[in-house]
$ cat upload32.cif   # mmCIF, C-alpha atoms
data_query
#
loop_
_atom_site.label_atom_id
_atom_site.label_comp_id
_atom_site.auth_asym_id
_atom_site.auth_seq_id
_atom_site.Cartn_x
_atom_site.Cartn_y
_atom_site.Cartn_z
CA MET M 125 17.13 -1.58 -76.08
CA ALA M 126 14.09 -1.31 -78.35
CA VAL M 127 10.64 -0.64 -76.91
CA GLN M 128 7.99 -2.20 -79.17
CA SER M 129 4.71 -0.77 -77.84
CA MET M 130 3.02 1.51 -75.34
CA ASP M 131 2.50 -1.54 -73.13
CA ASP M 132 6.25 -2.10 -73.16
CA ILE M 133 6.85 1.51 -72.07
CA VAL M 134 4.29 1.27 -69.26
CA ALA M 135 5.72 -2.05 -68.10
CA LEU M 136 9.23 -0.62 -68.15
CA LEU M 137 8.29 2.46 -66.11
CA SER M 138 6.34 0.28 -63.68
CA ASP M 139 9.36 -1.91 -63.02
CA ASP M 140 10.60 -2.06 -59.43
CA PHE M 141 13.94 -0.63 -60.56
CA PHE M 142 12.37 2.67 -61.60
CA TYR M 143 10.24 2.79 -58.48
CA ARG M 144 13.33 2.47 -56.28
CA VAL M 145 15.38 4.99 -58.26
CA ARG M 146 12.64 7.62 -58.42
CA THR M 147 12.01 7.23 -54.69
CA MET M 148 15.74 7.70 -54.05
CA ALA M 149 15.84 10.78 -56.27
CA ASP M 150 12.90 12.33 -54.43
CA CYS M 151 14.64 11.89 -51.07
CA ASP M 152 18.11 12.97 -52.22
CA PHE M 153 19.99 13.55 -55.45
CA VAL M 154 20.93 10.51 -57.53
CA LEU M 155 24.18 10.43 -59.48
CA TYR M 156 25.19 8.20 -62.37
CA GLU M 157 27.65 6.40 -60.10
CA ASP M 158 24.83 5.51 -57.69
CA LEU M 159 23.58 3.01 -60.28
CA ASN M 160 26.82 1.02 -60.26
CA GLY M 161 26.11 -2.65 -59.62
CA TRP M 162 22.36 -2.40 -60.21
CA GLU M 163 20.47 -4.96 -62.27
CA PHE M 164 18.48 -3.19 -64.99
CA PRO M 165 15.26 -4.48 -66.55
CA GLY M 166 15.03 -5.82 -70.09
CA GLY M 167 18.76 -6.05 -70.70
CA MET M 168 19.14 -2.28 -70.36
CA THR M 169 22.65 -0.88 -69.86
CA GLN M 170 23.56 1.60 -67.14
CA ASP M 171 23.96 4.36 -69.73
CA GLU M 172 20.51 3.61 -71.17
CA ALA M 173 18.94 3.48 -67.71
CA TRP M 174 20.51 6.81 -66.76
CA ARG M 175 19.29 8.50 -69.93
CA LEU M 176 15.76 7.21 -69.42
CA ILE M 177 15.67 8.27 -65.76
CA THR M 178 16.99 11.72 -66.68
CA ALA M 179 14.48 12.11 -69.50
CA VAL M 180 11.58 11.19 -67.19
CA ARG M 181 12.80 13.55 -64.46
CA LYS M 182 13.14 16.40 -66.91
CA GLN M 183 9.40 16.33 -67.55
CA ALA M 184 8.93 17.85 -64.06
CA ALA M 185 11.84 20.28 -64.41
CA ILE M 186 12.09 24.01 -63.81
CA PHE M 187 14.14 25.69 -66.54
CA SER M 188 16.38 28.66 -65.87
CA PRO M 189 15.76 31.57 -68.24
CA ASP M 190 17.78 31.45 -71.44
CA ASP M 191 21.04 33.38 -71.46
CA PRO M 192 22.71 34.57 -74.66
CA TYR M 193 26.06 32.93 -73.82
CA ARG M 194 24.53 29.50 -73.10
CA THR M 195 23.44 26.98 -75.74
CA VAL M 196 22.50 24.18 -73.32
CA ASP M 197 19.41 23.88 -71.13
CA SER M 198 19.86 24.44 -67.39
CA TRP M 199 17.16 22.84 -65.27
CA PHE M 200 16.41 21.22 -61.94
CA VAL M 201 13.69 19.13 -60.33
CA THR M 202 11.98 20.26 -57.15
CA THR M 203 12.29 17.01 -55.21
CA THR M 204 10.46 16.44 -51.93
CA VAL M 205 13.64 16.90 -49.92
CA MET M 206 14.49 20.14 -51.75
CA ALA M 207 10.99 21.52 -51.17
CA ARG M 208 11.17 20.58 -47.49
CA ASP M 209 14.67 22.00 -46.94
CA THR M 210 14.03 25.28 -48.76
CA LYS M 211 10.73 25.83 -46.93
CA ASP M 212 12.43 25.05 -43.61
CA LEU M 213 15.19 27.55 -44.41
CA GLU M 214 12.82 30.29 -45.49
CA LEU M 215 10.54 29.92 -42.45
CA ARG M 216 13.41 29.92 -39.95
CA CYS M 217 15.09 32.90 -41.63
CA MET M 218 12.01 35.14 -41.89
CA ALA M 219 11.94 38.69 -40.56
CA GLY M 220 10.22 38.92 -37.20
CA PHE M 221 10.44 35.19 -36.50
CA PRO M 222 12.21 34.01 -33.29
CA LEU M 223 15.76 33.72 -34.65
CA ASP M 224 15.63 37.10 -36.38
CA SER M 225 14.29 38.76 -33.23
CA ALA M 226 17.03 37.16 -31.13
CA LEU M 227 19.75 38.30 -33.53
CA GLU M 228 18.37 41.83 -33.49
CA THR M 229 18.90 41.88 -29.73
CA LEU M 230 22.20 40.00 -29.63
CA GLN M 231 23.83 41.33 -32.81
CA GLY M 232 26.83 42.83 -31.02
CA SER M 233 27.87 39.62 -29.34
CA PRO M 234 31.06 37.88 -30.51
CA TYR M 235 29.13 34.61 -30.36
CA VAL M 236 27.11 35.70 -33.39
CA THR M 237 29.41 38.20 -35.07
CA SER M 238 31.82 35.31 -35.53
CA PHE M 239 29.42 34.06 -38.23
CA ILE M 240 29.91 37.32 -40.16
CA GLU M 241 33.67 36.96 -39.84
CA ARG M 242 33.61 33.33 -41.00
CA THR M 243 31.49 34.25 -44.03
CA LEU M 244 34.11 36.81 -45.00
CA LEU M 245 36.99 34.38 -44.43
CA GLN M 246 35.44 31.79 -46.74
CA GLY M 247 34.88 34.43 -49.39
CA MET M 248 38.48 35.64 -49.11
CA GLU M 249 39.73 32.07 -49.53
CA ALA M 250 37.62 31.59 -52.68
CA ASP M 251 38.93 34.90 -54.03
CA ARG M 252 42.57 33.85 -53.46
CA ALA M 253 43.15 36.57 -50.87
CA PRO M 254 44.35 34.78 -47.72
CA ILE M 255 44.08 36.47 -44.34
CA THR M 256 44.04 35.00 -40.85
CA ALA M 257 40.91 34.73 -38.72
CA GLU M 258 42.71 36.63 -35.96
CA ARG M 259 43.43 39.57 -38.23
CA VAL M 260 39.87 39.62 -39.58
CA HIS M 261 38.57 39.79 -36.02
CA GLU M 262 40.94 42.64 -35.17
CA ILE M 263 39.75 44.63 -38.18
CA PHE M 264 36.13 43.87 -37.31
CA THR M 265 36.69 45.32 -33.85
CA GLY M 266 38.18 48.50 -35.29
CA ALA M 267 41.93 47.94 -35.61
CA PRO M 268 43.54 50.16 -38.27
CA VAL M 269 44.18 48.55 -41.64
CA GLU M 270 47.76 48.04 -42.84
CA ASN M 271 47.51 46.96 -46.49
CA ASP M 272 45.19 46.70 -49.51
CA ILE M 273 43.77 43.30 -48.54
CA GLU M 274 42.86 44.58 -45.09
CA ARG M 275 41.25 47.64 -46.67
CA VAL M 276 38.94 45.30 -48.62
CA VAL M 277 38.11 43.47 -45.37
CA SER M 278 37.26 46.74 -43.64
CA ASN M 279 35.15 47.84 -46.61
CA TYR M 280 33.26 44.53 -46.55
CA PHE M 281 32.24 45.11 -42.94
CA GLU M 282 31.20 48.70 -43.69
CA ILE M 283 29.02 47.60 -46.62
CA SER M 284 27.53 44.79 -44.52
CA HIS M 285 26.44 47.33 -41.92
CA ASP M 286 24.65 49.26 -44.70
CA ALA M 287 22.83 46.19 -46.03
CA ASP M 288 19.46 47.29 -44.61
CA ASP M 289 19.67 50.61 -46.46
CA LEU M 290 20.89 48.95 -49.67
CA ALA M 291 17.97 46.51 -49.50
CA ARG M 292 15.55 49.42 -49.85
CA ARG M 293 16.90 50.13 -53.32
CA ASP M 294 15.90 48.40 -56.53
CA ILE M 295 18.30 45.70 -57.68
CA THR M 296 19.92 47.34 -60.68
CA TYR M 297 23.14 47.30 -62.63
CA GLY M 298 24.19 50.42 -60.70
CA LEU M 299 23.60 48.78 -57.30
CA ILE M 300 25.69 45.72 -58.19
CA GLU M 301 28.49 47.94 -59.51
CA THR M 302 28.29 50.01 -56.34
CA LEU M 303 28.96 46.92 -54.22
CA TYR M 304 32.12 46.20 -56.19
CA TYR M 305 33.51 49.72 -56.22
CA ARG M 306 32.77 50.26 -52.54
CA LEU M 307 34.50 46.96 -51.77
CA VAL M 308 37.79 47.97 -53.42
CA GLU M 309 37.58 51.67 -52.50
CA GLY M 310 40.84 52.99 -51.08
CA ALA M 311 42.83 49.96 -52.23
CA ASP M 312 45.21 49.71 -55.18
CA ALA M 313 43.03 47.53 -57.42
CA GLU M 314 45.94 46.44 -59.59
CA ALA M 315 47.79 45.14 -56.54
CA LEU M 316 44.84 43.04 -55.39
CA PRO M 317 44.90 39.31 -56.23
CA GLU M 318 43.00 37.86 -59.13
CA ARG M 319 40.94 34.77 -58.45
CA GLY M 320 42.46 32.63 -61.18
CA GLU M 321 40.70 29.70 -62.77
CA VAL M 322 37.57 28.16 -61.30
CA PRO M 323 36.46 24.56 -61.89
CA PRO M 324 35.30 24.17 -65.51
CA VAL M 325 31.67 24.32 -66.55
CA ASP M 326 30.26 22.64 -69.67
CA PRO M 327 32.10 23.99 -72.76
CA ARG M 328 28.81 25.20 -74.21
CA VAL M 329 28.55 27.66 -71.32
CA LEU M 330 30.98 30.25 -72.63
CA PRO M 331 32.48 32.79 -70.19
CA PRO M 332 29.96 35.65 -70.31
CA SER M 333 30.84 39.31 -70.26
CA THR M 334 30.13 41.50 -67.23
CA ARG M 335 27.05 42.88 -68.98
CA GLU M 336 25.72 39.39 -69.79
CA CYS M 337 26.31 38.18 -66.22
CA ILE M 338 24.59 41.13 -64.61
CA ASP M 339 21.70 40.96 -67.09
CA ALA M 340 21.21 37.30 -66.10
CA ILE M 341 21.45 38.15 -62.40
CA LEU M 342 18.86 40.91 -62.75
CA ARG M 343 16.44 38.52 -64.45
CA ARG M 344 16.73 36.18 -61.50
CA THR M 345 16.15 38.94 -58.96
CA ASP M 346 12.94 40.05 -60.68
CA LEU M 347 10.28 38.12 -58.76
CA GLU M 348 7.53 39.08 -61.21
CA GLY M 349 9.36 39.43 -64.48
CA ASP M 350 9.62 35.83 -65.71
CA ASP M 351 7.17 33.02 -66.31
CA GLU M 352 8.68 30.65 -63.77
CA GLN M 353 7.15 31.41 -60.37
CA ARG M 354 8.15 28.16 -58.67
CA MET M 355 11.63 29.44 -57.84
CA GLY M 356 11.37 30.79 -54.31
CA PRO M 357 13.73 33.39 -52.81
CA PHE M 358 16.26 30.87 -51.51
CA LEU M 359 16.65 29.11 -54.87
CA ARG M 360 16.98 32.48 -56.60
CA ILE M 361 19.71 33.54 -54.18
CA VAL M 362 21.65 30.32 -54.83
CA THR M 363 21.28 30.93 -58.58
CA VAL M 364 22.52 34.52 -58.28
CA THR M 365 25.62 33.53 -56.30
CA TRP M 366 26.37 30.83 -58.90
CA TYR M 367 27.34 33.55 -61.38
CA PHE M 368 29.80 35.17 -58.99
CA TRP M 369 31.35 31.82 -58.06
CA ASN M 370 31.77 30.55 -61.62
CA PHE M 371 32.45 33.63 -63.74
CA ASP M 372 34.46 36.83 -63.49
CA VAL M 373 31.65 39.35 -63.26
CA PHE M 374 34.22 41.86 -62.03
CA PRO M 375 38.03 41.85 -62.28
CA ARG M 376 38.47 40.80 -58.63
CA PHE M 377 36.65 39.68 -55.49
CA ASN M 378 33.65 38.17 -57.25
CA THR M 379 32.85 35.88 -54.33
CA LEU M 380 32.71 38.76 -51.86
CA VAL M 381 30.49 40.83 -54.16
CA GLY M 382 28.22 37.80 -54.54
CA LEU M 383 27.99 37.43 -50.76
CA LEU M 384 27.19 41.11 -50.30
CA LEU M 385 24.47 40.93 -52.94
CA ARG M 386 23.15 37.77 -51.28
CA ASN M 387 22.87 39.67 -47.99
CA VAL M 388 21.02 42.53 -49.64
CA LEU M 389 18.61 40.15 -51.38
CA ALA M 390 18.01 38.17 -48.18
CA ILE M 391 17.00 41.32 -46.32
CA LYS M 392 14.99 42.68 -49.26
CA TRP M 393 13.02 39.44 -49.59
CA GLY M 394 12.28 39.15 -45.88
CA LEU M 395 14.89 36.51 -44.95
CA PRO M 396 17.43 38.56 -42.93
CA VAL M 397 18.79 35.58 -40.98
CA LEU M 398 20.08 34.13 -44.25
CA SER M 399 22.58 36.99 -44.47
CA TRP M 400 24.29 35.73 -41.29
CA LEU M 401 25.03 32.26 -42.63
CA PRO M 402 28.49 31.33 -43.93
CA VAL M 403 28.41 29.13 -47.01
CA THR M 404 31.43 27.90 -48.87
CA TYR M 405 32.04 27.18 -52.51
CA TYR M 406 33.29 23.98 -54.12
CA PRO M 407 34.88 21.83 -52.64
CA PHE M 408 32.15 22.42 -50.05
CA GLY M 409 34.27 22.88 -46.92
CA ASP M 410 33.66 20.18 -44.32
CA MET M 411 31.32 18.44 -46.77
CA ASN M 412 34.27 17.82 -49.09
CA THR M 413 33.99 14.14 -49.99
CA PRO M 414 34.38 12.14 -53.21
CA ARG M 415 30.59 12.15 -53.50
CA MET M 416 30.45 15.95 -53.25
CA GLU M 417 33.14 16.21 -55.93
CA GLN M 418 30.97 14.05 -58.17
CA VAL M 419 27.99 16.27 -57.39
CA TYR M 420 29.87 19.21 -58.88
CA ARG M 421 30.86 17.26 -61.96
CA SER M 422 27.33 15.93 -62.45
CA TRP M 423 25.70 19.33 -62.88
CA ALA M 424 28.66 20.88 -64.70
CA VAL M 425 28.55 18.34 -67.57
CA ASP M 426 25.68 17.65 -69.95
CA GLN M 427 24.71 13.97 -69.86
CA GLY M 428 22.53 14.34 -72.94
CA PHE M 429 19.63 16.39 -71.58
CA GLY M 430 21.18 19.69 -70.52
CA LEU M 431 22.68 20.68 -67.16
CA ASP M 432 20.71 19.18 -64.26
CA PHE M 433 21.18 21.50 -61.28
CA THR M 434 19.11 19.38 -58.89
CA SER M 435 22.12 18.12 -56.94
CA TYR M 436 23.65 21.62 -56.88
CA TYR M 437 20.61 23.18 -55.19
CA THR M 438 20.28 20.20 -52.85
CA VAL M 439 23.88 20.49 -51.63
CA TYR M 440 23.61 24.22 -50.97
CA ALA M 441 20.32 23.76 -49.10
CA LYS M 442 22.10 21.21 -46.90
CA GLN M 443 25.01 23.59 -46.32
CA TYR M 444 22.73 26.45 -45.34
CA LEU M 445 20.71 24.23 -42.99
CA ARG M 446 23.90 23.06 -41.25
CA GLU M 447 24.98 26.65 -40.69
CA LEU M 448 21.48 27.65 -39.60
CA ASP M 449 21.54 24.93 -36.94
CA ARG M 450 24.93 26.18 -35.73
CA LEU M 451 23.67 29.75 -35.55
CA SER M 452 20.54 28.67 -33.67
CA GLU M 453 22.66 26.81 -31.12
CA ALA M 454 24.99 29.80 -30.70
CA VAL M 455 21.99 32.06 -30.09
CA ARG M 456 20.54 29.61 -27.57
CA ARG M 457 23.81 29.54 -25.60
CA LEU M 458 24.09 33.30 -25.82
CA TRP M 459 20.57 33.84 -24.46
CA ASP M 460 21.48 31.69 -21.48
CA LEU M 461 24.72 33.58 -20.84
CA ASN M 462 22.96 36.90 -21.42
CA ARG M 463 20.38 35.98 -18.78
CA ARG M 464 23.06 34.99 -16.27
CA VAL M 465 25.01 38.20 -16.93
CA GLY M 466 21.85 40.17 -16.16
CA GLU M 467 21.35 38.21 -12.93
CA THR M 468 24.98 38.39 -11.78
CA VAL M 469 26.29 41.78 -12.88
CA SER M 470 24.87 44.57 -10.74
CA GLY M 471 23.66 47.74 -12.38
CA ASP M 472 21.04 48.50 -14.98
CA LEU M 473 22.66 47.48 -18.28
CA ASN M 474 20.99 47.93 -21.64
CA GLU M 475 21.29 45.25 -24.32
CA ARG M 476 24.17 47.06 -26.03
CA GLN M 477 26.13 47.20 -22.77
CA LYS M 478 25.44 43.50 -22.15
CA SER M 479 26.99 42.81 -25.56
CA ILE M 480 30.15 44.63 -24.40
CA VAL M 481 30.30 42.50 -21.26
CA LEU M 482 29.73 39.36 -23.32
CA ALA M 483 32.57 40.36 -25.64
CA VAL M 484 35.06 40.35 -22.78
CA SER M 485 33.52 37.15 -21.43
CA VAL M 486 34.64 35.44 -24.63
CA ASP M 487 38.05 37.12 -24.67
CA PRO M 488 39.09 38.65 -21.32
CA ASP M 489 42.01 40.41 -23.01
CA ALA M 490 39.82 41.97 -25.71
CA VAL M 491 40.50 45.57 -26.67
CA LEU M 492 37.16 47.29 -27.25
CA ARG M 493 36.61 50.37 -29.38
CA ILE M 494 33.65 52.70 -29.67
CA ASP M 495 33.31 52.93 -33.44
CA PRO M 496 32.70 49.22 -34.17
CA HIS M 497 30.10 49.22 -31.38
CA ARG M 498 28.41 52.23 -33.00
CA ARG M 499 28.34 50.56 -36.41
CA THR M 500 27.08 47.25 -35.08
CA PHE M 501 24.08 48.77 -33.30
CA ARG M 502 23.58 51.65 -35.74
CA VAL M 503 23.52 54.31 -33.03
CA ALA M 504 25.06 57.76 -32.82
CA TYR M 505 28.67 58.02 -31.72
CA ALA M 506 27.61 59.85 -28.54
CA THR M 507 25.24 56.99 -27.64
CA ALA M 508 27.94 54.36 -28.21
CA ARG M 509 30.44 56.39 -26.20
CA ARG M 510 27.98 56.70 -23.31
CA ASP M 511 27.58 52.88 -23.25
CA PHE M 512 31.31 52.53 -22.57
CA LEU M 513 31.62 55.45 -20.15
CA ASP M 514 28.73 54.16 -18.04
CA LEU M 515 30.41 50.76 -17.78
CA GLU M 516 33.65 52.52 -16.83
CA GLN M 517 31.88 54.47 -14.09
CA GLN M 518 30.33 51.25 -12.75
CA GLY M 519 33.78 49.67 -12.50
CA TYR M 520 33.46 47.12 -15.29
CA LEU M 521 35.80 48.69 -17.86
CA VAL M 522 39.06 50.59 -17.70
CA ARG M 523 39.94 53.20 -20.32
CA GLU M 524 43.33 53.34 -22.04
CA GLN M 525 44.91 55.55 -24.66
CA GLN M 526 45.96 53.82 -27.87
CA GLY M 527 47.34 56.26 -30.41
CA ARG M 528 44.86 59.10 -30.72
CA ALA M 529 41.86 57.02 -29.65
CA PHE M 530 40.51 55.57 -26.43
CA VAL M 531 40.12 51.82 -26.01
CA PHE M 532 38.56 49.85 -23.18
CA ARG M 533 39.43 46.62 -21.37
CA ALA M 534 37.75 44.55 -18.68
CA THR M 535 38.67 45.34 -15.09
CA PRO M 536 39.97 42.55 -12.84
CA GLU M 537 36.65 42.70 -10.93
CA LEU M 538 34.64 42.03 -14.10
CA ARG M 539 36.94 39.19 -15.06
CA ARG M 540 36.31 37.49 -11.71
CA VAL M 541 32.54 37.81 -12.22
CA LEU M 542 32.77 36.34 -15.70
CA ASP M 543 35.01 33.50 -14.49
CA ARG M 544 32.28 32.52 -12.03
CA LEU M 545 29.66 32.57 -14.80
CA HIS M 546 31.75 30.26 -16.97
CA GLU M 547 32.38 27.92 -14.06
CA GLN M 548 28.63 27.73 -13.41
CA ALA M 549 27.96 27.02 -17.08
CA GLU M 550 30.57 24.22 -17.16
CA ALA M 551 29.14 22.71 -13.95
CA LYS M 552 25.81 22.27 -15.73
#
$ encode --input "upload32.cif" --output "structure tokens"
Amino acid sequence: MAVQSMDDIVALLSDDFFYRVRTMADCDFVLYEDLNGWEFPGGMTQDEAWRLITAVRKQAAIFSPDDPYRTVDSWFVTTTVMARDTKDLELRCMAGFPLDSALETLQGSPYVTSFIERTLLQGMEADRAPITAERVHEIFTGAPVENDIERVVSNYFEISHDADDLARRDITYGLIETLYYRLVEGADAEALPERGEVPPVDPRVLPPSTRECIDAILRRTDLEGDDEQRMGPFLRIVTVTWYFWNFDVFPRFNTLVGLLLRNVLAIKWGLPVLSWLPVTYYPFGDMNTPRMEQVYRSWAVDQGFGLDFTSYYTVYAKQYLRELDRLSEAVRRLWDLNRRVGETVSGDLNERQKSIVLAVSVDPDAVLRIDPHRRTFRVAYATARRDFLDLEQQGYLVREQQGRAFVFRATPELRRVLDRLHEQAEAK
């Protein structure tokens, strides 16, 4: 379609079609397929309409810094919905805000630690290293590891507990390498699974080397080092994890390293709650629909104006918000149960001891160990041991010998108390 004059251009851009499409794009992402069946002005084809819309949108784009392995522009548009969702995420995940304060108090509860376990499980699936949720939970609670995969799982939990200390360090090549080598420490690296192929990206985005990937990651973690200041911490974190999910930065377990770095960055940038949230990789978990598949293909292929990442960021913001809502609801339920435990269970229990009682309220047959409790609350072994011994003396726990270590279980009396609490909760 030929445009003859400036008046023609203005008339075209003022057409109701463009008004409707630009409004749609500001409220959600718009894909090429969304224009199927539309009537276009001036005899325009769908291909021509899509190219014009994309060209107009690109004028408001944010461009990712150039990378030496990439010969195509990567950009995205900060739509109204993206700005709203990212600001909502960042406010709700901030250090010292209500959810962070609640998690600090309730961090040992299985209601919330299950989010850490689910994050790991999704990462293991993406890294082609299957393991059951039951076994992950056993390792989290201190069960001895039996093979190389389980050693990686145990290492992941250990590194996660050190995330606060790691966040005090500068983000450097050495720190990122440290995450990888600590993750596979004690395991036979050659026996660990390789991830295999990931969904293809545009052919002009060549597989970068480890050095190129980490250089690109470091540029995106430098909040003051580039000219583009409109990328907030959440968008930068999504960009950083993109490298680990699409390229082999390291020989194995790229997804897990990306998640660990995400956790460190979230804490470093004042968004600690973000580190609790599970987020999956394509095909987007329970958001796996034909439309989500097309989302992936839309940003991974150049339609004539570079790679438009708008839909990619939008989808991940939606995923994080869904998980944030789930975490908020879990914390709300836990506060209620925590209050009722304090009212029902006699004795002066500290918050750590309440977390022990809550653990057996979820699983009456749970086997509890001192060391995971110590790591979770970052206290000395003697302090963690005293938490358990006090509960034993008060008649809530019974001590057993398992191998060379002591373990603890709920007494029948505690089980009866917890049964009453659950009955009261169900009656409401």
$ residues_around --input "upload32.cif" --residues "Ala257 in chain M" --least-positions-apart "3" --cutoff "12 Å" --atoms "all atoms listed in the file" --output "NGL selection string"
:M and (238-246 or 248-249 or 254 or 260-264 or 274 or 277)
$ atom_distance --input "upload32.cif" --atom1 "CA of Leu389 in chain M" --atom2 "CA of Met218 in chain M"
12.6 Å
$ resolve_selection --input "upload32.cif" --expression "the PyMOL selection byres ((chain M and resi 288) around 12)" --output "JSON, numbers by chain"
{"M": [282, 283, 284, 285, 286, 287, 289, 290, 291, 292, 293, 384, 385, 387, 388, 389, 390, 391, 392, 393, 394, 395, 396, 399, 502]}
$ write_last_selection --input "upload32.cif" --atoms "C-alpha atoms" --output "PDB file, in the coordinates of the input"
ATOM      1  CA  GLU M 282      31.200  48.700 -43.690  1.00  0.00           C
ATOM      2  CA  ILE M 283      29.020  47.600 -46.620  1.00  0.00           C
ATOM      3  CA  SER M 284      27.530  44.790 -44.520  1.00  0.00           C
ATOM      4  CA  HIS M 285      26.440  47.330 -41.920  1.00  0.00           C
ATOM      5  CA  ASP M 286      24.650  49.260 -44.700  1.00  0.00           C
ATOM      6  CA  ALA M 287      22.830  46.190 -46.030  1.00  0.00           C
ATOM      7  CA  ASP M 289      19.670  50.610 -46.460  1.00  0.00           C
ATOM      8  CA  LEU M 290      20.890  48.950 -49.670  1.00  0.00           C
ATOM      9  CA  ALA M 291      17.970  46.510 -49.500  1.00  0.00           C
ATOM     10  CA  ARG M 292      15.550  49.420 -49.850  1.00  0.00           C
ATOM     11  CA  ARG M 293      16.900  50.130 -53.320  1.00  0.00           C
ATOM     12  CA  LEU M 384      27.190  41.110 -50.300  1.00  0.00           C
ATOM     13  CA  LEU M 385      24.470  40.930 -52.940  1.00  0.00           C
ATOM     14  CA  ASN M 387      22.870  39.670 -47.990  1.00  0.00           C
ATOM     15  CA  VAL M 388      21.020  42.530 -49.640  1.00  0.00           C
ATOM     16  CA  LEU M 389      18.610  40.150 -51.380  1.00  0.00           C
ATOM     17  CA  ALA M 390      18.010  38.170 -48.180  1.00  0.00           C
ATOM     18  CA  ILE M 391      17.000  41.320 -46.320  1.00  0.00           C
ATOM     19  CA  LYS M 392      14.990  42.680 -49.260  1.00  0.00           C
ATOM     20  CA  TRP M 393      13.020  39.440 -49.590  1.00  0.00           C
ATOM     21  CA  GLY M 394      12.280  39.150 -45.880  1.00  0.00           C
ATOM     22  CA  LEU M 395      14.890  36.510 -44.950  1.00  0.00           C
ATOM     23  CA  PRO M 396      17.430  38.560 -42.930  1.00  0.00           C
ATOM     24  CA  SER M 399      22.580  36.990 -44.470  1.00  0.00           C
ATOM     25  CA  ARG M 502      23.580  51.650 -35.740  1.00  0.00           C
TER      26      ARG M 502
END
$ residues_around --input "upload32.cif" --residues "Ile295 in chain M" --least-positions-apart "2" --cutoff "8 Å" --atoms "all atoms listed in the file" --output "PDB file with C-alpha atoms, in the coordinates of the input"
ATOM      1  CA  ARG M 293      16.900  50.130 -53.320  1.00  0.00           C
ATOM      2  CA  TYR M 297      23.140  47.300 -62.630  1.00  0.00           C
ATOM      3  CA  LEU M 299      23.600  48.780 -57.300  1.00  0.00           C
ATOM      4  CA  ILE M 300      25.690  45.720 -58.190  1.00  0.00           C
ATOM      5  CA  LEU M 342      18.860  40.910 -62.750  1.00  0.00           C
ATOM      6  CA  THR M 345      16.150  38.940 -58.960  1.00  0.00           C
TER       7      THR M 345
END
$ residues_around --input "upload32.cif" --residues "Asp495 in chain M" --least-positions-apart "2" --cutoff "10 Å" --atoms "only C-alpha atoms" --output "list in words"
Thr265, Gly266, Leu492, Arg493, His497, Arg498, Arg499, Thr500, Val503, Ala504, Tyr505, Ala508 and Arg509 of chain M
$ resolve_selection --input "upload32.cif" --expression "the PyMOL selection byres ((chain M and resi 448) around 10)" --output "NGL selection string"
:M and (213 or 216-217 or 223 or 397-398 or 400-402 or 442-447 or 449-454)
$ atom_distance --input "upload32.cif" --atom1 "CA of Val491 in chain M" --atom2 "CA of Leu316 in chain M"
29.2 Å
$ closest_residue --input "upload32.cif" --among "M:Arg319, M:Arg259, M:Arg386, M:Arg415" --to "Asp158 in chain M" --atoms "only C-alpha atoms"
M:Arg415
$ atom_distance --input "upload32.cif" --atom1 "CA of Thr147 in chain M" --atom2 "CA of Lys211 in chain M"
20.2 Å
$ residues_around --input "upload32.cif" --residues "range 476-490 of chain M" --least-positions-apart "2" --cutoff "9 Å" --atoms "all atoms listed in the file" --output "NGL selection string"
:M and (229-235 or 458 or 461-462 or 465-466 or 473-474 or 492 or 497 or 501 or 508 or 511-512 or 514-515 or 520-521 or 532-534 or 538-539 or 542-543 or 545-546)
$ resolve_selection --input "upload32.cif" --expression "the PyMOL selection byres ((chain M and resi 159) around 10)" --output "list in words"
Val145, Val154, Leu155, Tyr156, Glu157, Asp158, Asn160, Gly161, Trp162, Glu163, Phe164, Gln170, Asp171, Ala173 and Trp174 of chain M
$ residues_near_point --input "upload32.cif" --point "(32.4, 30.4, -61.8)" --cutoff "9 Å" --atoms "all atoms listed in the file" --output "ChimeraX atom specification"
/M:321-325,331,366-372
$ axis_aligned_box --input "upload32.cif" --around "range 126-145 of chain M" --padding-each-side "8 Å" --output "AutoDock Vina command-line options"
--center_x 8.9 --center_y 1.4 --center_z -67.7 --size_x 28.9 --size_y 23.2 --size_z 38.9
$ closest_residue --input "upload32.cif" --among "M:Arg544, M:Arg528, M:Arg194, M:Arg175" --to "Leu330 in chain M" --atoms "all atoms listed in the file"
M:Arg194
$ closest_residue --input "upload32.cif" --among "M:Phe377, M:Phe187, M:Tyr440, M:Phe153" --to "Ala253 in chain M" --atoms "only C-alpha atoms"
M:Phe377
$ closest_residue --input "upload32.cif" --among "M:Thr363, M:Gln518, M:Thr413, M:Thr169" --to "Asp472 in chain M" --atoms "only C-alpha atoms"
M:Gln518
$ closest_residue --input "upload32.cif" --among "M:Asn279, M:Thr438, M:Thr237, M:Gln517" --to "Tyr305 in chain M" --atoms "only C-alpha atoms"
M:Asn279
$ closest_residue --input "upload32.cif" --among "M:Ile273, M:Val180, M:Ile361, M:Leu383" --to "Val308 in chain M" --atoms "all atoms listed in the file"
M:Ile273
$ residues_around --input "upload32.cif" --residues "Ala424 in chain M" --least-positions-apart "4" --cutoff "9 Å" --atoms "only C-alpha atoms" --output "ChimeraX atom specification"
/M:324-326,419-420,431-433
$ write_last_selection --input "upload32.cif" --atoms "C-alpha atoms" --output "compact mmCIF listing (two decimals), keeping the file's coordinate frame"
# COMPACT_ATOMS: atom_id res chain seq x y z
CA PRO M 324 35.30 24.17 -65.51
CA VAL M 325 31.67 24.32 -66.55
CA ASP M 326 30.26 22.64 -69.67
CA VAL M 419 27.99 16.27 -57.39
CA TYR M 420 29.87 19.21 -58.88
CA LEU M 431 22.68 20.68 -67.16
CA ASP M 432 20.71 19.18 -64.26
CA PHE M 433 21.18 21.50 -61.28
